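Asker: Data file model.txt (compact mmCIF, C-alpha atoms) is appended below.
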```txt
# COMPACT_ATOMS: atom_id res chain seq x y z
CA MET K 1 13.85 10.02 -7.34
CA LYS K 2 11.36 8.82 -4.74
CA LYS K 3 8.23 10.97 -4.50
CA PRO K 4 7.46 12.45 -1.06
CA VAL K 5 5.40 10.95 1.74
CA ILE K 6 3.16 13.67 3.23
CA ALA K 7 1.15 13.43 6.46
CA ILE K 8 -1.74 15.81 7.12
CA ASP K 9 -3.44 15.64 10.52
CA GLY K 10 -5.97 17.88 12.17
CA TYR K 11 -9.45 18.39 13.50
CA SER K 12 -12.69 17.40 11.80
CA SER K 13 -13.87 19.74 9.05
CA THR K 14 -10.60 21.59 8.57
CA GLY K 15 -10.67 20.37 4.98
CA LYS K 16 -7.95 17.73 5.39
CA SER K 17 -9.33 15.32 2.80
CA SER K 18 -10.41 17.74 0.09
CA ILE K 19 -7.17 19.71 0.45
CA SER K 20 -5.04 16.55 0.37
CA LYS K 21 -6.89 15.39 -2.75
CA VAL K 22 -6.02 18.58 -4.64
CA ILE K 23 -2.38 18.51 -3.52
CA ALA K 24 -2.13 14.87 -4.64
CA GLN K 25 -3.42 15.84 -8.09
CA LYS K 26 -0.98 18.75 -8.36
CA LEU K 27 2.01 16.62 -7.34
CA GLY K 28 0.98 13.49 -9.23
CA ILE K 29 0.86 11.33 -6.10
CA ILE K 30 -1.80 9.16 -4.40
CA HIS K 31 -4.20 10.55 -1.79
CA LEU K 32 -5.41 8.25 0.98
CA ASP K 33 -8.24 9.44 3.23
CA THR K 34 -7.66 7.32 6.33
CA GLY K 35 -10.78 8.74 7.98
CA ALA K 36 -12.81 7.05 5.25
CA LEU K 37 -11.37 3.69 6.33
CA TYR K 38 -12.58 4.21 9.91
CA ARG K 39 -15.94 5.39 8.60
CA GLY K 40 -16.10 2.25 6.46
CA ILE K 41 -15.61 0.01 9.48
CA THR K 42 -18.17 2.07 11.42
CA TRP K 43 -20.73 1.68 8.64
CA PHE K 44 -20.07 -2.09 8.59
CA ALA K 45 -20.58 -2.19 12.37
CA LEU K 46 -23.88 -0.28 12.15
CA GLN K 47 -25.12 -2.75 9.52
CA ASN K 48 -23.90 -5.95 11.15
CA CYS K 49 -22.82 -5.52 14.78
CA THR K 50 -25.51 -3.68 16.74
CA GLY K 51 -27.41 -4.77 19.80
CA GLY K 52 -31.12 -4.45 20.48
CA ASP K 53 -30.67 -0.78 21.40
CA HIS K 54 -28.96 -0.05 18.03
CA THR K 55 -25.61 0.67 19.67
CA ILE K 56 -22.48 -0.95 18.30
CA ASP K 57 -21.48 -4.24 19.94
CA LEU K 58 -17.70 -3.85 19.91
CA SER K 59 -16.92 -7.49 20.71
CA ARG K 60 -19.01 -8.58 17.72
CA LEU K 61 -17.20 -6.03 15.55
CA PHE K 62 -13.76 -7.26 16.65
CA SER K 63 -14.79 -10.85 15.83
CA ALA K 64 -15.99 -9.72 12.39
CA LEU K 65 -12.91 -7.69 11.35
CA SER K 66 -11.62 -10.62 9.29
CA GLN K 67 -14.78 -10.36 7.16
CA ILE K 68 -14.02 -6.74 6.23
CA ASN K 69 -12.27 -6.01 2.96
CA LEU K 70 -11.82 -2.26 2.43
CA GLU K 71 -10.23 -1.03 -0.78
CA PHE K 72 -9.96 2.18 -2.73
CA LYS K 73 -10.68 1.98 -6.46
CA ASN K 74 -9.52 4.67 -8.85
CA GLU K 75 -12.55 6.00 -10.70
CA ASP K 76 -11.88 8.95 -13.00
CA GLY K 77 -8.87 9.97 -10.93
CA GLU K 78 -10.75 9.76 -7.63
CA LEU K 79 -10.23 7.02 -5.05
CA ILE K 80 -13.64 5.58 -4.15
CA LEU K 81 -14.00 3.42 -1.02
CA TYR K 82 -15.46 -0.05 -1.44
CA LEU K 83 -16.43 -2.41 1.36
CA ASN K 84 -16.60 -6.03 0.21
CA ASP K 85 -17.05 -4.81 -3.39
CA LYS K 86 -19.83 -2.32 -2.52
CA ASN K 87 -19.33 1.42 -3.16
CA ILE K 88 -19.97 3.02 0.25
CA SER K 89 -18.59 6.51 -0.49
CA LYS K 90 -21.92 8.21 0.27
CA GLU K 91 -23.03 5.95 3.12
CA ILE K 92 -19.93 6.74 5.18
CA ARG K 93 -20.80 10.47 5.27
CA THR K 94 -24.18 10.04 7.02
CA ASN K 95 -24.92 11.45 10.47
CA ALA K 96 -25.23 7.93 11.92
CA VAL K 97 -21.65 7.13 10.92
CA SER K 98 -20.41 10.53 12.14
CA ASP K 99 -22.05 9.90 15.52
CA HIS K 100 -20.24 6.56 16.01
CA VAL K 101 -16.91 6.83 14.17
CA SER K 102 -14.90 8.26 17.09
CA LEU K 103 -15.96 5.34 19.31
CA VAL K 104 -14.88 2.83 16.67
CA ALA K 105 -11.67 4.70 15.77
CA LYS K 106 -10.37 4.71 19.34
CA GLN K 107 -10.46 0.90 19.63
CA LYS K 108 -7.00 -0.69 19.61
CA GLU K 109 -8.26 -3.71 17.65
CA VAL K 110 -9.56 -1.49 14.86
CA ARG K 111 -6.45 0.69 14.71
CA ASP K 112 -4.15 -2.34 14.63
CA PHE K 113 -6.29 -3.85 11.87
CA LEU K 114 -5.78 -0.76 9.68
CA LEU K 115 -2.26 0.32 10.69
CA GLN K 116 -0.18 -2.10 8.65
CA SER K 117 -2.23 -1.63 5.50
CA GLN K 118 -1.75 2.15 5.75
CA ARG K 119 2.01 1.82 6.27
CA SER K 120 2.47 -0.63 3.41
CA LEU K 121 0.72 1.80 1.06
CA ALA K 122 3.29 4.47 1.94
CA GLU K 123 6.43 2.35 1.58
CA LYS K 124 6.98 3.19 -2.08
CA GLY K 125 6.52 6.95 -1.51
CA GLY K 126 4.36 9.25 -3.58
CA ILE K 127 1.46 9.42 -1.17
CA ILE K 128 -0.38 12.02 0.91
CA MET K 129 -2.30 10.60 3.84
CA ASP K 130 -4.67 12.51 6.06
CA GLY K 131 -6.16 11.62 9.42
CA ARG K 132 -5.58 12.23 13.11
CA ASP K 133 -2.47 10.22 13.93
CA ILE K 134 -0.64 10.02 10.61
CA GLY K 135 2.40 12.11 11.56
CA THR K 136 2.57 10.75 15.11
CA VAL K 137 1.80 7.02 14.71
CA VAL K 138 1.12 5.80 11.18
CA LEU K 139 3.91 7.60 9.31
CA PRO K 140 6.26 9.10 11.93
CA ASP K 141 9.04 9.29 9.31
CA ALA K 142 6.97 11.16 6.69
CA ASP K 143 8.94 13.65 4.61
CA TYR K 144 6.46 16.43 5.43
CA LYS K 145 3.95 16.79 8.25
CA PHE K 146 1.16 19.35 8.51
CA PHE K 147 -1.44 19.93 11.22
CA LEU K 148 -4.65 21.75 10.27
CA THR K 149 -6.83 23.60 12.72
CA ALA K 150 -9.70 26.14 12.61
CA SER K 151 -12.26 27.62 15.00
CA ILE K 152 -15.23 25.45 16.05
CA ASP K 153 -17.71 27.92 14.50
CA GLU K 154 -15.95 27.86 11.15
CA ARG K 155 -15.69 24.09 11.19
CA THR K 156 -19.39 23.80 12.07
CA LYS K 157 -20.32 25.97 9.11
CA ARG K 158 -18.17 23.90 6.74
CA ARG K 159 -19.50 20.55 7.97
CA TYR K 160 -23.10 21.79 7.83
CA MET K 161 -22.70 23.00 4.24
CA GLU K 162 -21.00 19.73 3.28
CA LEU K 163 -23.94 17.70 4.60
CA LEU K 164 -26.45 19.86 2.76
CA SER K 165 -24.45 19.51 -0.46
CA LEU K 166 -24.66 15.72 -0.07
CA GLY K 167 -28.42 15.93 0.31
CA ILE K 168 -28.21 14.95 4.00
CA GLU K 169 -30.57 16.75 6.40
CA ALA K 170 -28.74 18.47 9.23
CA ASP K 171 -29.25 20.76 12.21
CA GLU K 172 -26.41 23.26 12.61
CA GLN K 173 -26.39 23.15 16.41
CA GLN K 174 -26.36 19.37 16.38
CA VAL K 175 -23.44 19.45 13.92
CA LYS K 176 -21.53 21.74 16.31
CA GLU K 177 -22.18 19.49 19.30
CA ASN K 178 -21.09 16.45 17.29
CA LEU K 179 -17.81 18.16 16.34
CA ILE K 180 -17.10 19.20 19.95
CA GLU K 181 -17.75 15.65 21.14
CA ARG K 182 -15.54 14.18 18.40
CA ASP K 183 -12.73 16.62 19.26
CA LYS K 184 -12.95 15.48 22.88
CA ILE K 185 -12.98 11.76 22.09
CA ASP K 186 -10.24 12.02 19.46
CA SER K 187 -7.93 14.10 21.67
CA GLN K 188 -8.43 12.12 24.87
CA ARG K 189 -8.43 8.53 23.59
CA GLU K 190 -5.66 6.32 24.96
CA ILE K 191 -4.65 4.82 21.62
CA ALA K 192 -3.10 7.23 19.08
CA PRO K 193 -4.85 10.43 20.21
CA LEU K 194 -5.26 13.41 17.91
CA LYS K 195 -2.27 15.63 18.55
CA GLN K 196 0.22 17.69 16.63
CA ALA K 197 3.51 15.97 15.82
CA GLU K 198 6.46 17.92 17.24
CA ASP K 199 7.90 18.48 13.78
CA ALA K 200 4.57 19.29 12.07
CA ILE K 201 3.86 22.63 10.42
CA VAL K 202 0.67 24.10 11.93
CA ILE K 203 -1.79 25.84 9.61
CA ASP K 204 -4.83 27.60 11.08
CA ASN K 205 -7.25 28.00 8.19
CA THR K 206 -10.10 29.69 10.06
CA PHE K 207 -9.70 32.70 7.76
CA LEU K 208 -8.19 30.89 4.78
CA ASN K 209 -10.26 29.43 1.99
CA LYS K 210 -9.44 26.08 0.43
CA LYS K 211 -7.20 27.51 -2.30
CA GLU K 212 -5.26 29.67 0.17
CA THR K 213 -4.69 26.68 2.45
CA ILE K 214 -3.46 24.59 -0.48
CA ASP K 215 -1.13 27.39 -1.62
CA GLU K 216 0.30 27.65 1.91
CA ILE K 217 1.04 23.92 2.07
CA LEU K 218 2.54 23.92 -1.44
CA SER K 219 4.81 26.82 -0.49
CA TYR K 220 6.47 24.54 2.09
CA LEU K 221 6.65 21.58 -0.31
CA ASN K 222 8.34 23.73 -2.94
CA LYS K 223 11.07 25.00 -0.60
CA LYS K 224 13.15 21.83 -0.82
```
Represent the structure contained in this file as structure tokens.

Answerer:
Amino acid sequence: MKKPVIAIDGYSSTGKSSISKVIAQKLGIIHLDTGALYRGITWFALQNCTGGDHTIDLSRLFSALSQINLEFKNEDGELILYLNDKNISKEIRTNAVSDHVSLVAKQKEVRDFLLQSQRSLAEKGGIIMDGRDIGTVVLPDADYKFFLTASIDERTKRRYMELLSLGIEADEQQVKENLIERDKIDSQREIAPLKQAEDAIVIDNTFLNKKETIDEILSYLNKK
């Protein structure tokens, strides 16, 4: 029996990745954090494709996409992102990457570059993928679709605490402004905007902790 294909979309800092990771472990399937892929390309761009003003030169990035090899390696049950054989799992969580990832992620060239690799990973089933356009664009035929949301204040608190736990200095107000700006860019971009799939199950976890959110999702998965 083919294992399910699960799509989880939603806003930044709703816990999509960490929640998907736990569900994958419980179900014995693979978890793919698609946001990490976009962050990986953004980090590459910041290292190799910036102009004199330190902004990303998109045309240089598009020309360099063929030089990018992103892969997840299974290390102690956790998928770690490597860029051209370098572990970049910590680098992609920095403020600099967070500030630029929405710009990079809305580019058609970048999305096309990653789309087929994401779809091919899901063909055999047994995968949970999280992002912003998984249920609407990447995996429109997923067996289950969920859309996570939470208040901006709650998401700010979560993101701020996450940065501190990673040893990254952060200002809470700046984190909030960054999230608001990312919401705006992600929701209004022309290519694959962040939006709820019509057949997605919406879960507002403003007042739910991680375990409660996971239990809610599992309750739907166990119905069939």

Asker: Find the distance between CA of Ile185 in chain K and CA of Lys106 in chain K and write it in Å to one decimal.

Answerer: 8.0 Å

Asker: At what distance in Å, to one decimal, does CA of Arg39 in chain K lie from CA of Asp57 in chain K?

Answerer: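 Distance reported for this atom pair: 15.9 Å.
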
Asker: If I take CA of Ser187 in chain K and CA of Gly131 in chain K, how far is one from the other in Å, to one decimal?

Answerer: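 Spanning CA of Ser187 in chain K to CA of Gly131 in chain K is a straight-line distance of 12.6 Å.
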
Asker: Near range 205-220 of chain K, counting all atoms listed in the file, which residues have an atom at most 7 Å away, once you skip same-chain residues fewer than 6 positions from it, shown as number ranges by chain?

Answerer: K: 19, 23, 149-151, 154

Asker: What would the file look like if the residues just selected were written as a PDB file, keeping the file's coordinate frame with C-alpha atoms?

Answerer:
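Output file again-v1.pdb is given in full below:
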```
ATOM      1  CA  ILE K  19      -7.170  19.710   0.450  1.00  0.00           C
ATOM      2  CA  ILE K  23      -2.380  18.510  -3.520  1.00  0.00           C
ATOM      3  CA  THR K 149      -6.830  23.600  12.720  1.00  0.00           C
ATOM      4  CA  ALA K 150      -9.700  26.140  12.610  1.00  0.00           C
ATOM      5  CA  SER K 151     -12.260  27.620  15.000  1.00  0.00           C
ATOM      6  CA  GLU K 154     -15.950  27.860  11.150  1.00  0.00           C
TER       7      GLU K 154
END
```

Asker: Counting only C-alpha atoms, which of K:Leu27, K:Arg93, K:Asp53, K:Lys184 gets nearest to Ser165 in chain K?

Answerer: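 Under the stated criterion, the closest residue is K:Arg93.
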
Asker: Nearest to Asp143 in chain K: which of K:Leu221, K:Gly51, K:Asn84, K:Ala24 is it, counting all atoms listed in the file?

Answerer: K:Leu221

Asker: Would you please work out which residue, of K:Leu114, K:Gly10, K:Ser98, K:Lys16, is nearest to Leu37 in chain K when using all atoms listed in the file?

Answerer: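 Nearest to Leu37 in chain K: K:Leu114.
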
Asker: Nearest residue to Lys2 in chain K out of K:Phe113, K:Lys26, K:Lys223, K:Gly126, using only C-alpha atoms?

Answerer: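 Checking each candidate against Lys2 in chain K, we get K:Gly126 as the closest.
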
Asker: Quick one: of K:Asp204, K:Glu172, K:Asp133, K:Asp85, who's nearest to Lys73 in chain K, counting only C-alpha atoms?

Answerer: K:Asp85

Asker: Write out as a PyMOL selection string the residues lying within 6 Å of Phe146 in chain K, counting all atoms listed in the file and excluding same-chain residues fewer than 4 positions away.

Answerer: chain K and resi 8+200-202

Asker: Let me make sure I understand: among K:Asp76, K:Asp199, K:Glu109, K:Glu91, which one has the smallest atom-to-atom distance to Gly40 in chain K if we use only C-alpha atoms?

Answerer: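 Checking each of K:Asp76, K:Asp199, K:Glu109, K:Glu91 against Gly40 in chain K, counting only C-alpha atoms, the winner is K:Glu91.
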
Asker: Padding 6 Å on each side, edges along x, y and z: where is the centre of the box around the listed atoms of range 98-104 of chain K, and how long are its edges in Å to one decimal? Output it as JSON.

Answerer:
```
{"center_x": -18.5, "center_y": 6.7, "center_z": 15.7, "size_x": 19.2, "size_y": 19.7, "size_z": 19.2}
```

Asker: Considering only C-alpha atoms, return as a short mmCIF file (atom, residue, chain, number, x, y, z; two decimals) with C-alpha atoms, in the frame of the given file whatever protein or nucleic-acid residues lie within 12 Å of Gly28 in chain K, sequence-local ones (same chain, fewer than 3 positions apart) excluded.

Answerer:
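Result went into selection_25.cif, see below:
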```cif
data_model
loop_
_atom_site.label_atom_id
_atom_site.label_comp_id
_atom_site.auth_asym_id
_atom_site.auth_seq_id
_atom_site.Cartn_x
_atom_site.Cartn_y
_atom_site.Cartn_z
CA LYS K 3 8.23 10.97 -4.50
CA PRO K 4 7.46 12.45 -1.06
CA SER K 20 -5.04 16.55 0.37
CA LYS K 21 -6.89 15.39 -2.75
CA VAL K 22 -6.02 18.58 -4.64
CA ILE K 23 -2.38 18.51 -3.52
CA ALA K 24 -2.13 14.87 -4.64
CA GLN K 25 -3.42 15.84 -8.09
CA HIS K 31 -4.20 10.55 -1.79
CA GLY K 77 -8.87 9.97 -10.93
CA GLY K 125 6.52 6.95 -1.51
CA GLY K 126 4.36 9.25 -3.58
CA ILE K 127 1.46 9.42 -1.17
CA ILE K 128 -0.38 12.02 0.91
#
```

Asker: I'd like the neighbourhood of Tyr144 in chain K as a PyMOL selection string, where a residue qualifies if any of its atoms comes within 7 Å (using all atoms listed in the file), though same-chain residues fewer than 4 positions away should be ignored.

Answerer: chain K and resi 5-7

Asker: Can you tell me which residues surround Ser63 in chain K at a distance of at most 10 Å, considering all atoms listed in the file, apart from same-chain residues fewer than 4 positions away, and format the answer as a list in words?

Answerer: Cys49, Leu58, Ser59, Gln67 and Glu109 of chain K

Asker: In file coordinates, which residues lie within 12 Å of (1.6, 1.2, 9.9) using all atoms listed in the file, given as a ChimeraX atom specification?

Answerer: /K:34,111-123,129,133-142,192

Asker: Can you find the residues with an atom no farther than 12 Å from (-26.9, 25.7, 16.3), counting all atoms listed in the file, and report them as a ChimeraX atom specification?

Answerer: /K:152-153,156-157,160,170-179
